[in-house]
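J.: Below are the structure tokens for one structure; questions will follow.
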Amino acid sequence: MKKKKELIFWAVAWLINVKSIFLDYCADSGYTFAMAQRLLNGDRLFREMWEPHQTSVFVMAPILKLFETVFQTRTGVVLFAHVVMTLSFFVLSVFLKKTLEKFTGNNVAICAAILLFVLRPKMVQLPDYSNLCIFFSVLTFIFLIRYLLVKPRIGTLIAAALSLCLIVLVYPSCVLLWVPSILVLFLYSARKWRDVLTFTGCCALCGALFAGYFVLSMGFGPWLETLSKIVHADTHSLERTYSGIAYFEELLLGLLIMGISWAVGLGISFLLEKAKLQSKPKTVFLQCILVTFALCLAKVLLPSVYHHQNVAFWAFGNIAIFAVILLGLTGVKLLQDQKKVIYVTGMLLSMGVLLSVGLLTNLSFITIVGYLHLACMVSFIPLSEFITKRSEGQYHAARISCFPLYCCVFVIMFSQGINSLGNAENYVRKGPLFGVVTSLNACNEMKYGIAEWEGNIKVTDQVLIIQEFGLDPIWYLVTDFGVGTYSVINTPYYSEDMKEYWKAYPQKEPTVLAVPCYQGLESTGMPKWLYEKRENEYDLKYKGTYWNFYFKK
């Protein structure tokens, strides 16, 4: 029976992931692909590439290269990358379950594994910096746990250190995770100083090799100067800054809505039970249905009554993650031995990820809560202890304890994905997005837009796409050409730094300016300096349905 339940959980998780593979694509995804393609086309890190996330392409670039080598095309590469990342998370989830179940029991292990398999910080199935940050932080956690609790092999400790180095490549500020890692070794290792020095030495060696390569090839001064330019060119610095209560506003409102939903569901079920209209098992089922309905209703109605720029993209999953972590605090005092080691290790690493991500974004708190995977997963351990303790002869106490947990898990699992089935109007039949299910308008834009690119852009061209809002960098992959800008980020900022970039690398100055349009009407503005450059140095030689192309005079 236990195996049958476990298979059902995995089946549901796979269904959620399959939906996400086909439907969940966004401009952030296109940025990761375009950045990797630049690297494969010969643009060098920290020289021609001033990408703020360039060090994270060490996973995407080989995937893209493998696909192109085997199939001799980029058509369908997005779905291929989605499948690779989904399978990778599945393998990691199974590895996590096998590691935890000996110490936490099967129920906790399967809950943690399923949530890892389903959850994504940006709700897309892609080897981008957000998903890789979670992937390698969980891998670091697993290796540390196996070293501390399974068998203290030096190879396992080195594997943990290498995993941490990979997180730093993905998200440079995650160098902060070194602190919780050595703290865990100090607290729980039998060979404290040896292990700390070994772990630190491995990390320092990898960091020295990475930095040394660029210092030797570029020079220390030019490398630091380029790093400064990358930070200055990163358009994340132009996002709205949240301060005061506004920083936590969305999360607090979400927790309030969930709390009210739980209270209403519990209240109604208790009244029905008291009136003897329902049996105990039926009231538990009914209250779950009531709260699920209330949360779904809130998700639909909230954007119409609470006008906030992020609420349309609001995932209750992030709120539920935080709720699970808070609920887990109720049983922390009951933890002992191995369970305590696992909980503390997971929480410390997860807090390190939270702080690291928070340093590189000034979006609201609910955004970075989506990176608390480890904290959420290990919170099932104290929750299990608390529920087991309270349920001994106390039906109502157990129900009150289990009920919020059920709701949180339900919300987390079924909130995955940035696109709903309502957007599934057709599938893309051409280009890198082949097979992706999306709106009919997006399918037509790909179909006819790619034809316009293929008919006008040559391999020798250097192209700059000018679109200040809503740019999908996947267009840099639709055919072969050079990229005529320092960054293909999906939130571009056309500053006069570009002049300096083109002066340093004259071969990168664009021969073509690509401007999106609809029926020839351009839909974007541009800064004055770039507008003047276009008017003086370029001619409009193609006016299409979805794109206008300006060629160098």
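Labeling convention for the structure tokens: chains A, B, ... as they appear, residues from 1 per chain, ligands from 1 in order of appearance.
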Need the shell around Tyr505 of chain A: protein/DNA/RNA residues with any atom at most 12 Å away, counting only C-alpha atoms. Skip same-chain ones fewer than 2 positions apart. Format as a PyMOL selection string?
T.: chain A and resi 43-44+47-49+462+483-486+498-503+507-510
J.: Keeping only N, CA, C and O atoms, write those residues as a PDB file, in the first residue's frame.
T.:
```
ATOM      1  N   ASP A  43      31.870  34.375 -28.747  1.00  0.00           N
ATOM      2  CA  ASP A  43      31.973  35.533 -27.858  1.00  0.00           C
ATOM      3  C   ASP A  43      32.587  35.078 -26.536  1.00  0.00           C
ATOM      4  O   ASP A  43      32.148  34.077 -25.945  1.00  0.00           O
ATOM      5  N   ARG A  44      33.577  35.803 -26.061  1.00  0.00           N
ATOM      6  CA  ARG A  44      34.331  35.368 -24.891  1.00  0.00           C
ATOM      7  C   ARG A  44      33.778  35.978 -23.600  1.00  0.00           C
ATOM      8  O   ARG A  44      33.369  37.134 -23.569  1.00  0.00           O
ATOM      9  N   ARG A  47      34.677  39.551 -21.914  1.00  0.00           N
ATOM     10  CA  ARG A  47      35.244  40.407 -22.960  1.00  0.00           C
ATOM     11  C   ARG A  47      34.096  40.913 -23.817  1.00  0.00           C
ATOM     12  O   ARG A  47      33.531  41.965 -23.534  1.00  0.00           O
ATOM     13  N   GLU A  48      33.759  40.153 -24.854  1.00  0.00           N
ATOM     14  CA  GLU A  48      32.597  40.572 -25.651  1.00  0.00           C
ATOM     15  C   GLU A  48      31.287  40.416 -24.862  1.00  0.00           C
ATOM     16  O   GLU A  48      30.326  41.118 -25.119  1.00  0.00           O
ATOM     17  N   MET A  49      31.254  39.461 -23.916  1.00  0.00           N
ATOM     18  CA  MET A  49      30.031  39.222 -23.146  1.00  0.00           C
ATOM     19  C   MET A  49      30.068  39.995 -21.827  1.00  0.00           C
ATOM     20  O   MET A  49      30.935  39.746 -20.985  1.00  0.00           O
ATOM     21  N   GLN A 462      25.841  41.540 -37.860  1.00  0.00           N
ATOM     22  CA  GLN A 462      25.827  41.742 -36.416  1.00  0.00           C
ATOM     23  C   GLN A 462      24.510  42.455 -36.096  1.00  0.00           C
ATOM     24  O   GLN A 462      24.247  43.541 -36.606  1.00  0.00           O
ATOM     25  N   VAL A 483      25.906  38.774 -32.575  1.00  0.00           N
ATOM     26  CA  VAL A 483      25.149  39.629 -31.655  1.00  0.00           C
ATOM     27  C   VAL A 483      25.884  40.953 -31.509  1.00  0.00           C
ATOM     28  O   VAL A 483      27.027  40.992 -31.057  1.00  0.00           O
ATOM     29  N   GLY A 484      25.220  42.043 -31.858  1.00  0.00           N
ATOM     30  CA  GLY A 484      25.858  43.356 -31.856  1.00  0.00           C
ATOM     31  C   GLY A 484      25.607  44.167 -30.612  1.00  0.00           C
ATOM     32  O   GLY A 484      25.359  45.382 -30.676  1.00  0.00           O
ATOM     33  N   THR A 485      25.657  43.514 -29.445  1.00  0.00           N
ATOM     34  CA  THR A 485      25.455  44.223 -28.182  1.00  0.00           C
ATOM     35  C   THR A 485      26.205  43.500 -27.080  1.00  0.00           C
ATOM     36  O   THR A 485      26.600  42.349 -27.243  1.00  0.00           O
ATOM     37  N   TYR A 486      26.398  44.184 -25.946  1.00  0.00           N
ATOM     38  CA  TYR A 486      27.172  43.571 -24.871  1.00  0.00           C
ATOM     39  C   TYR A 486      26.364  42.573 -24.051  1.00  0.00           C
ATOM     40  O   TYR A 486      26.912  41.752 -23.333  1.00  0.00           O
ATOM     41  N   MET A 498      27.149  51.344 -24.673  1.00  0.00           N
ATOM     42  CA  MET A 498      27.268  50.604 -25.929  1.00  0.00           C
ATOM     43  C   MET A 498      28.309  51.235 -26.849  1.00  0.00           C
ATOM     44  O   MET A 498      29.020  50.532 -27.563  1.00  0.00           O
ATOM     45  N   LYS A 499      28.407  52.560 -26.818  1.00  0.00           N
ATOM     46  CA  LYS A 499      29.410  53.243 -27.648  1.00  0.00           C
ATOM     47  C   LYS A 499      30.813  52.807 -27.245  1.00  0.00           C
ATOM     48  O   LYS A 499      31.668  52.540 -28.095  1.00  0.00           O
ATOM     49  N   GLU A 500      31.023  52.717 -25.933  1.00  0.00           N
ATOM     50  CA  GLU A 500      32.325  52.288 -25.428  1.00  0.00           C
ATOM     51  C   GLU A 500      32.590  50.838 -25.816  1.00  0.00           C
ATOM     52  O   GLU A 500      33.721  50.456 -26.160  1.00  0.00           O
ATOM     53  N   TYR A 501      31.538  50.019 -25.755  1.00  0.00           N
ATOM     54  CA  TYR A 501      31.663  48.604 -26.114  1.00  0.00           C
ATOM     55  C   TYR A 501      32.047  48.462 -27.590  1.00  0.00           C
ATOM     56  O   TYR A 501      32.952  47.694 -27.941  1.00  0.00           O
ATOM     57  N   TRP A 502      31.357  49.197 -28.459  1.00  0.00           N
ATOM     58  CA  TRP A 502      31.651  49.112 -29.897  1.00  0.00           C
ATOM     59  C   TRP A 502      33.026  49.692 -30.233  1.00  0.00           C
ATOM     60  O   TRP A 502      33.672  49.267 -31.188  1.00  0.00           O
ATOM     61  N   LYS A 503      33.464  50.658 -29.430  1.00  0.00           N
ATOM     62  CA  LYS A 503      34.806  51.215 -29.645  1.00  0.00           C
ATOM     63  C   LYS A 503      35.872  50.181 -29.288  1.00  0.00           C
ATOM     64  O   LYS A 503      36.892  50.055 -29.986  1.00  0.00           O
ATOM     65  N   GLN A 507      34.243  45.145 -34.310  1.00  0.00           N
ATOM     66  CA  GLN A 507      33.621  44.094 -35.112  1.00  0.00           C
ATOM     67  C   GLN A 507      32.218  43.750 -34.618  1.00  0.00           C
ATOM     68  O   GLN A 507      31.444  43.089 -35.316  1.00  0.00           O
ATOM     69  N   LYS A 508      31.864  44.207 -33.390  1.00  0.00           N
ATOM     70  CA  LYS A 508      30.546  43.921 -32.831  1.00  0.00           C
ATOM     71  C   LYS A 508      29.524  45.018 -33.121  1.00  0.00           C
ATOM     72  O   LYS A 508      28.346  44.863 -32.786  1.00  0.00           O
ATOM     73  N   GLU A 509      29.936  46.126 -33.719  1.00  0.00           N
ATOM     74  CA  GLU A 509      28.970  47.185 -34.021  1.00  0.00           C
ATOM     75  C   GLU A 509      27.924  46.653 -34.993  1.00  0.00           C
ATOM     76  O   GLU A 509      28.255  46.046 -36.014  1.00  0.00           O
ATOM     77  N   PRO A 510      26.653  46.846 -34.701  1.00  0.00           N
ATOM     78  CA  PRO A 510      25.597  46.208 -35.498  1.00  0.00           C
ATOM     79  C   PRO A 510      25.541  46.692 -36.943  1.00  0.00           C
ATOM     80  O   PRO A 510      25.653  47.886 -37.220  1.00  0.00           O
TER      81      PRO A 510
END
```
J.: Using only C-alpha atoms, which protein or nucleic acid residues come within 9 Å of Val378 of chain A? Drop anything in the same chain fewer than 6 positions from it, and give the result as a list in words.
T.: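 Those residues are Val108, Ala112, Ile325, Gly328, Ile342, Tyr343, Val344, Thr345, Gly346 and Met347 of chain A.
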J.: Please provide as a PDB file with N, CA, C and O atoms, in the first residue's frame all residues within 12 Å of Val184 of chain A, with the sequence filter that same-chain residues fewer than 6 positions apart are discarded (counting only C-alpha atoms).
T.:
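The resulting around09.pdb:
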```pdb
ATOM      1  N   THR A 140      24.681  20.099  -2.557  1.00  0.00           N
ATOM      2  CA  THR A 140      25.612  20.381  -1.451  1.00  0.00           C
ATOM      3  C   THR A 140      25.058  19.847  -0.136  1.00  0.00           C
ATOM      4  O   THR A 140      25.772  19.215   0.654  1.00  0.00           O
ATOM      5  N   PHE A 141      23.779  20.087   0.092  1.00  0.00           N
ATOM      6  CA  PHE A 141      23.094  19.602   1.297  1.00  0.00           C
ATOM      7  C   PHE A 141      23.170  18.080   1.398  1.00  0.00           C
ATOM      8  O   PHE A 141      23.504  17.527   2.459  1.00  0.00           O
ATOM      9  N   LEU A 144      26.715  16.894   2.232  1.00  0.00           N
ATOM     10  CA  LEU A 144      27.056  17.179   3.628  1.00  0.00           C
ATOM     11  C   LEU A 144      26.365  16.202   4.579  1.00  0.00           C
ATOM     12  O   LEU A 144      26.975  15.702   5.534  1.00  0.00           O
ATOM     13  N   ILE A 145      25.087  15.925   4.318  1.00  0.00           N
ATOM     14  CA  ILE A 145      24.337  14.987   5.152  1.00  0.00           C
ATOM     15  C   ILE A 145      24.937  13.580   5.065  1.00  0.00           C
ATOM     16  O   ILE A 145      25.104  12.881   6.066  1.00  0.00           O
ATOM     17  N   TYR A 147      27.961  12.851   4.333  1.00  0.00           N
ATOM     18  CA  TYR A 147      29.266  12.851   5.000  1.00  0.00           C
ATOM     19  C   TYR A 147      29.111  12.784   6.515  1.00  0.00           C
ATOM     20  O   TYR A 147      29.835  12.041   7.199  1.00  0.00           O
ATOM     21  N   LEU A 148      28.160  13.552   7.038  1.00  0.00           N
ATOM     22  CA  LEU A 148      28.001  13.641   8.491  1.00  0.00           C
ATOM     23  C   LEU A 148      27.272  12.443   9.096  1.00  0.00           C
ATOM     24  O   LEU A 148      27.560  12.038  10.224  1.00  0.00           O
ATOM     25  N   LEU A 177      27.445  31.015   1.039  1.00  0.00           N
ATOM     26  CA  LEU A 177      27.065  29.705   1.547  1.00  0.00           C
ATOM     27  C   LEU A 177      28.240  28.958   2.177  1.00  0.00           C
ATOM     28  O   LEU A 177      28.047  27.940   2.852  1.00  0.00           O
ATOM     29  N   TRP A 178      29.432  29.466   1.962  1.00  0.00           N
ATOM     30  CA  TRP A 178      30.598  28.873   2.623  1.00  0.00           C
ATOM     31  C   TRP A 178      30.448  28.973   4.139  1.00  0.00           C
ATOM     32  O   TRP A 178      30.831  28.049   4.867  1.00  0.00           O
ATOM     33  N   ALA A 190      33.047  15.082  13.421  1.00  0.00           N
ATOM     34  CA  ALA A 190      33.952  14.562  14.445  1.00  0.00           C
ATOM     35  C   ALA A 190      35.383  15.046  14.225  1.00  0.00           C
ATOM     36  O   ALA A 190      36.203  15.004  15.137  1.00  0.00           O
ATOM     37  N   ARG A 191      35.659  15.503  12.995  1.00  0.00           N
ATOM     38  CA  ARG A 191      37.007  16.004  12.657  1.00  0.00           C
ATOM     39  C   ARG A 191      36.892  17.465  12.213  1.00  0.00           C
ATOM     40  O   ARG A 191      37.125  17.801  11.052  1.00  0.00           O
ATOM     41  N   LYS A 192      36.523  18.311  13.143  1.00  0.00           N
ATOM     42  CA  LYS A 192      36.131  19.678  12.826  1.00  0.00           C
ATOM     43  C   LYS A 192      37.161  20.427  11.972  1.00  0.00           C
ATOM     44  O   LYS A 192      36.876  20.838  10.843  1.00  0.00           O
ATOM     45  N   TRP A 193      38.354  20.626  12.508  1.00  0.00           N
ATOM     46  CA  TRP A 193      39.326  21.477  11.818  1.00  0.00           C
ATOM     47  C   TRP A 193      39.817  20.855  10.516  1.00  0.00           C
ATOM     48  O   TRP A 193      39.995  21.554   9.517  1.00  0.00           O
ATOM     49  N   ASP A 195      38.157  18.862   8.531  1.00  0.00           N
ATOM     50  CA  ASP A 195      37.096  18.953   7.534  1.00  0.00           C
ATOM     51  C   ASP A 195      36.886  20.388   7.058  1.00  0.00           C
ATOM     52  O   ASP A 195      36.665  20.631   5.862  1.00  0.00           O
ATOM     53  N   VAL A 196      36.941  21.332   7.979  1.00  0.00           N
ATOM     54  CA  VAL A 196      36.775  22.739   7.598  1.00  0.00           C
ATOM     55  C   VAL A 196      37.895  23.173   6.655  1.00  0.00           C
ATOM     56  O   VAL A 196      37.662  23.839   5.645  1.00  0.00           O
ATOM     57  N   PHE A 199      37.435  21.384   3.217  1.00  0.00           N
ATOM     58  CA  PHE A 199      36.320  22.002   2.491  1.00  0.00           C
ATOM     59  C   PHE A 199      36.722  23.380   1.961  1.00  0.00           C
ATOM     60  O   PHE A 199      36.522  23.696   0.786  1.00  0.00           O
ATOM     61  N   LYS A 340      17.798  16.359  13.803  1.00  0.00           N
ATOM     62  CA  LYS A 340      18.198  17.730  14.127  1.00  0.00           C
ATOM     63  C   LYS A 340      19.330  18.189  13.209  1.00  0.00           C
ATOM     64  O   LYS A 340      19.336  19.335  12.732  1.00  0.00           O
ATOM     65  N   VAL A 341      20.291  17.299  12.936  1.00  0.00           N
ATOM     66  CA  VAL A 341      21.396  17.631  12.028  1.00  0.00           C
ATOM     67  C   VAL A 341      20.869  17.970  10.644  1.00  0.00           C
ATOM     68  O   VAL A 341      21.275  18.961  10.020  1.00  0.00           O
ATOM     69  N   ILE A 342      19.948  17.158  10.141  1.00  0.00           N
ATOM     70  CA  ILE A 342      19.379  17.383   8.802  1.00  0.00           C
ATOM     71  C   ILE A 342      18.632  18.711   8.755  1.00  0.00           C
ATOM     72  O   ILE A 342      18.787  19.501   7.824  1.00  0.00           O
ATOM     73  N   TYR A 343      17.810  18.967   9.789  1.00  0.00           N
ATOM     74  CA  TYR A 343      17.018  20.203   9.811  1.00  0.00           C
ATOM     75  C   TYR A 343      17.912  21.438   9.869  1.00  0.00           C
ATOM     76  O   TYR A 343      17.732  22.389   9.094  1.00  0.00           O
ATOM     77  N   VAL A 344      18.875  21.433  10.773  1.00  0.00           N
ATOM     78  CA  VAL A 344      19.752  22.600  10.934  1.00  0.00           C
ATOM     79  C   VAL A 344      20.579  22.834   9.675  1.00  0.00           C
ATOM     80  O   VAL A 344      20.724  23.977   9.215  1.00  0.00           O
ATOM     81  N   THR A 345      21.107  21.769   9.090  1.00  0.00           N
ATOM     82  CA  THR A 345      21.910  21.907   7.868  1.00  0.00           C
ATOM     83  C   THR A 345      21.088  22.504   6.737  1.00  0.00           C
ATOM     84  O   THR A 345      21.518  23.433   6.057  1.00  0.00           O
ATOM     85  N   GLY A 346      19.889  21.975   6.531  1.00  0.00           N
ATOM     86  CA  GLY A 346      19.019  22.486   5.473  1.00  0.00           C
ATOM     87  C   GLY A 346      18.609  23.930   5.686  1.00  0.00           C
ATOM     88  O   GLY A 346      18.612  24.736   4.759  1.00  0.00           O
ATOM     89  N   MET A 347      18.269  24.273   6.932  1.00  0.00           N
ATOM     90  CA  MET A 347      17.840  25.642   7.231  1.00  0.00           C
ATOM     91  C   MET A 347      18.982  26.633   7.043  1.00  0.00           C
ATOM     92  O   MET A 347      18.796  27.718   6.467  1.00  0.00           O
ATOM     93  N   LEU A 348      20.171  26.294   7.519  1.00  0.00           N
ATOM     94  CA  LEU A 348      21.312  27.213   7.398  1.00  0.00           C
ATOM     95  C   LEU A 348      21.679  27.452   5.934  1.00  0.00           C
ATOM     96  O   LEU A 348      21.900  28.590   5.508  1.00  0.00           O
ATOM     97  N   LEU A 349      21.731  26.380   5.142  1.00  0.00           N
ATOM     98  CA  LEU A 349      22.044  26.539   3.715  1.00  0.00           C
ATOM     99  C   LEU A 349      20.960  27.337   3.006  1.00  0.00           C
ATOM    100  O   LEU A 349      21.250  28.186   2.153  1.00  0.00           O
TER     101      LEU A 349
END
```
J.: Counting only C-alpha atoms, which of A:Leu530, A:Leu471, A:Leu139, A:Cys517 gets nearest to Cys165 of chain A?
T.: A:Leu139
J.: For Phe90 of chain A, please output as a list in words all residues within 12 Å (counting only C-alpha atoms; exclusion window: fewer than 5 positions along the same chain).
T.: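 Answer for this query is Trp10, Ala11, Ala13, Trp14, Asn17, Val83, Val84, Met85, Phe95, Leu96, Lys97, Ala113, Ile114, Leu115, Leu116, Phe117, Val118, Leu119, Gln125 and Phe135 of chain A.
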J.: Skipping near chain neighbours, those fewer than 6 positions away, what residues fall within 10 Å of Gly525 of chain A using only C-alpha atoms, listed as a ChimeraX atom specification?
T.: /A:466-469,515,531
J.: DSSP on the backbone: what in segment 125-236 of chain A comes out alpha helix (DSSP H), as a ChimeraX atom specification?
T.: /A:129-145,154-170,178-188,192-218,220-233
J.: Between atom CA of Ala36 of chain A and atom CA of Thr367 of chain A, measure the distance and give it in Å to one decimal.
T.: 24.9 Å
J.: Just want the 7 Å neighbourhood of Ser350 of chain A, counted on only C-alpha atoms, with same-chain residues fewer than 3 positions away dropped. Output as a PDB file with all heavy atoms, in the first residue's frame.
T.:
```pdb
ATOM      1  N   GLY A 346      19.889  21.975   6.531  1.00  0.00           N
ATOM      2  CA  GLY A 346      19.019  22.486   5.473  1.00  0.00           C
ATOM      3  C   GLY A 346      18.609  23.930   5.686  1.00  0.00           C
ATOM      4  O   GLY A 346      18.612  24.736   4.759  1.00  0.00           O
ATOM      5  N   MET A 347      18.269  24.273   6.932  1.00  0.00           N
ATOM      6  CA  MET A 347      17.840  25.642   7.231  1.00  0.00           C
ATOM      7  C   MET A 347      18.982  26.633   7.043  1.00  0.00           C
ATOM      8  O   MET A 347      18.796  27.718   6.467  1.00  0.00           O
ATOM      9  CB  MET A 347      17.297  25.723   8.656  1.00  0.00           C
ATOM     10  CG  MET A 347      15.952  25.070   8.845  1.00  0.00           C
ATOM     11  SD  MET A 347      14.604  25.833   7.891  1.00  0.00           S
ATOM     12  CE  MET A 347      14.440  27.403   8.716  1.00  0.00           C
ATOM     13  N   VAL A 353      21.128  30.878   0.885  1.00  0.00           N
ATOM     14  CA  VAL A 353      20.614  31.115  -0.472  1.00  0.00           C
ATOM     15  C   VAL A 353      19.708  32.338  -0.483  1.00  0.00           C
ATOM     16  O   VAL A 353      19.792  33.188  -1.382  1.00  0.00           O
ATOM     17  CB  VAL A 353      19.849  29.877  -0.986  1.00  0.00           C
ATOM     18  CG1 VAL A 353      19.122  30.191  -2.292  1.00  0.00           C
ATOM     19  CG2 VAL A 353      20.804  28.708  -1.198  1.00  0.00           C
ATOM     20  N   LEU A 354      18.833  32.435   0.517  1.00  0.00           N
ATOM     21  CA  LEU A 354      17.911  33.575   0.611  1.00  0.00           C
ATOM     22  C   LEU A 354      18.678  34.893   0.643  1.00  0.00           C
ATOM     23  O   LEU A 354      18.358  35.839  -0.086  1.00  0.00           O
ATOM     24  CB  LEU A 354      17.046  33.433   1.861  1.00  0.00           C
ATOM     25  CG  LEU A 354      15.994  34.531   2.074  1.00  0.00           C
ATOM     26  CD1 LEU A 354      14.800  34.296   1.173  1.00  0.00           C
ATOM     27  CD2 LEU A 354      15.553  34.572   3.533  1.00  0.00           C
ATOM     28  N   LEU A 372      13.481  29.253  -1.154  1.00  0.00           N
ATOM     29  CA  LEU A 372      13.610  28.582   0.146  1.00  0.00           C
ATOM     30  C   LEU A 372      13.232  27.096   0.069  1.00  0.00           C
ATOM     31  O   LEU A 372      12.578  26.561   0.973  1.00  0.00           O
ATOM     32  CB  LEU A 372      12.753  29.296   1.192  1.00  0.00           C
ATOM     33  CG  LEU A 372      13.275  30.653   1.673  1.00  0.00           C
ATOM     34  CD1 LEU A 372      12.273  31.308   2.612  1.00  0.00           C
ATOM     35  CD2 LEU A 372      14.621  30.492   2.376  1.00  0.00           C
ATOM     36  N   LEU A 374      15.047  24.302   0.300  1.00  0.00           N
ATOM     37  CA  LEU A 374      15.629  23.452   1.340  1.00  0.00           C
ATOM     38  C   LEU A 374      14.939  23.655   2.687  1.00  0.00           C
ATOM     39  O   LEU A 374      14.638  22.690   3.398  1.00  0.00           O
ATOM     40  CB  LEU A 374      17.124  23.755   1.470  1.00  0.00           C
ATOM     41  CG  LEU A 374      18.073  22.821   0.726  1.00  0.00           C
ATOM     42  CD1 LEU A 374      19.506  23.319   0.841  1.00  0.00           C
ATOM     43  CD2 LEU A 374      17.965  21.401   1.290  1.00  0.00           C
ATOM     44  N   ALA A 375      14.688  24.896   3.037  1.00  0.00           N
ATOM     45  CA  ALA A 375      14.027  25.192   4.308  1.00  0.00           C
ATOM     46  C   ALA A 375      12.636  24.573   4.349  1.00  0.00           C
ATOM     47  O   ALA A 375      12.206  24.028   5.380  1.00  0.00           O
ATOM     48  CB  ALA A 375      13.940  26.703   4.525  1.00  0.00           C
TER      49      ALA A 375
END
```
J.: Which neighbours of Tyr542 of chain A fall inside 12 Å, counting only C-alpha atoms, when residues of the same chain fewer than 2 positions from it are skipped, and could you give them as a PyMOL selection string?
T.: chain A and resi 452-453+455-457+512-517+520+538-540+544-551
J.: Here is a test: counting only C-alpha atoms, which residue of A:Gly254, A:Gly358, A:Gly352, A:Pro222 is nearest to Phe322 of chain A?
T.: A:Gly254
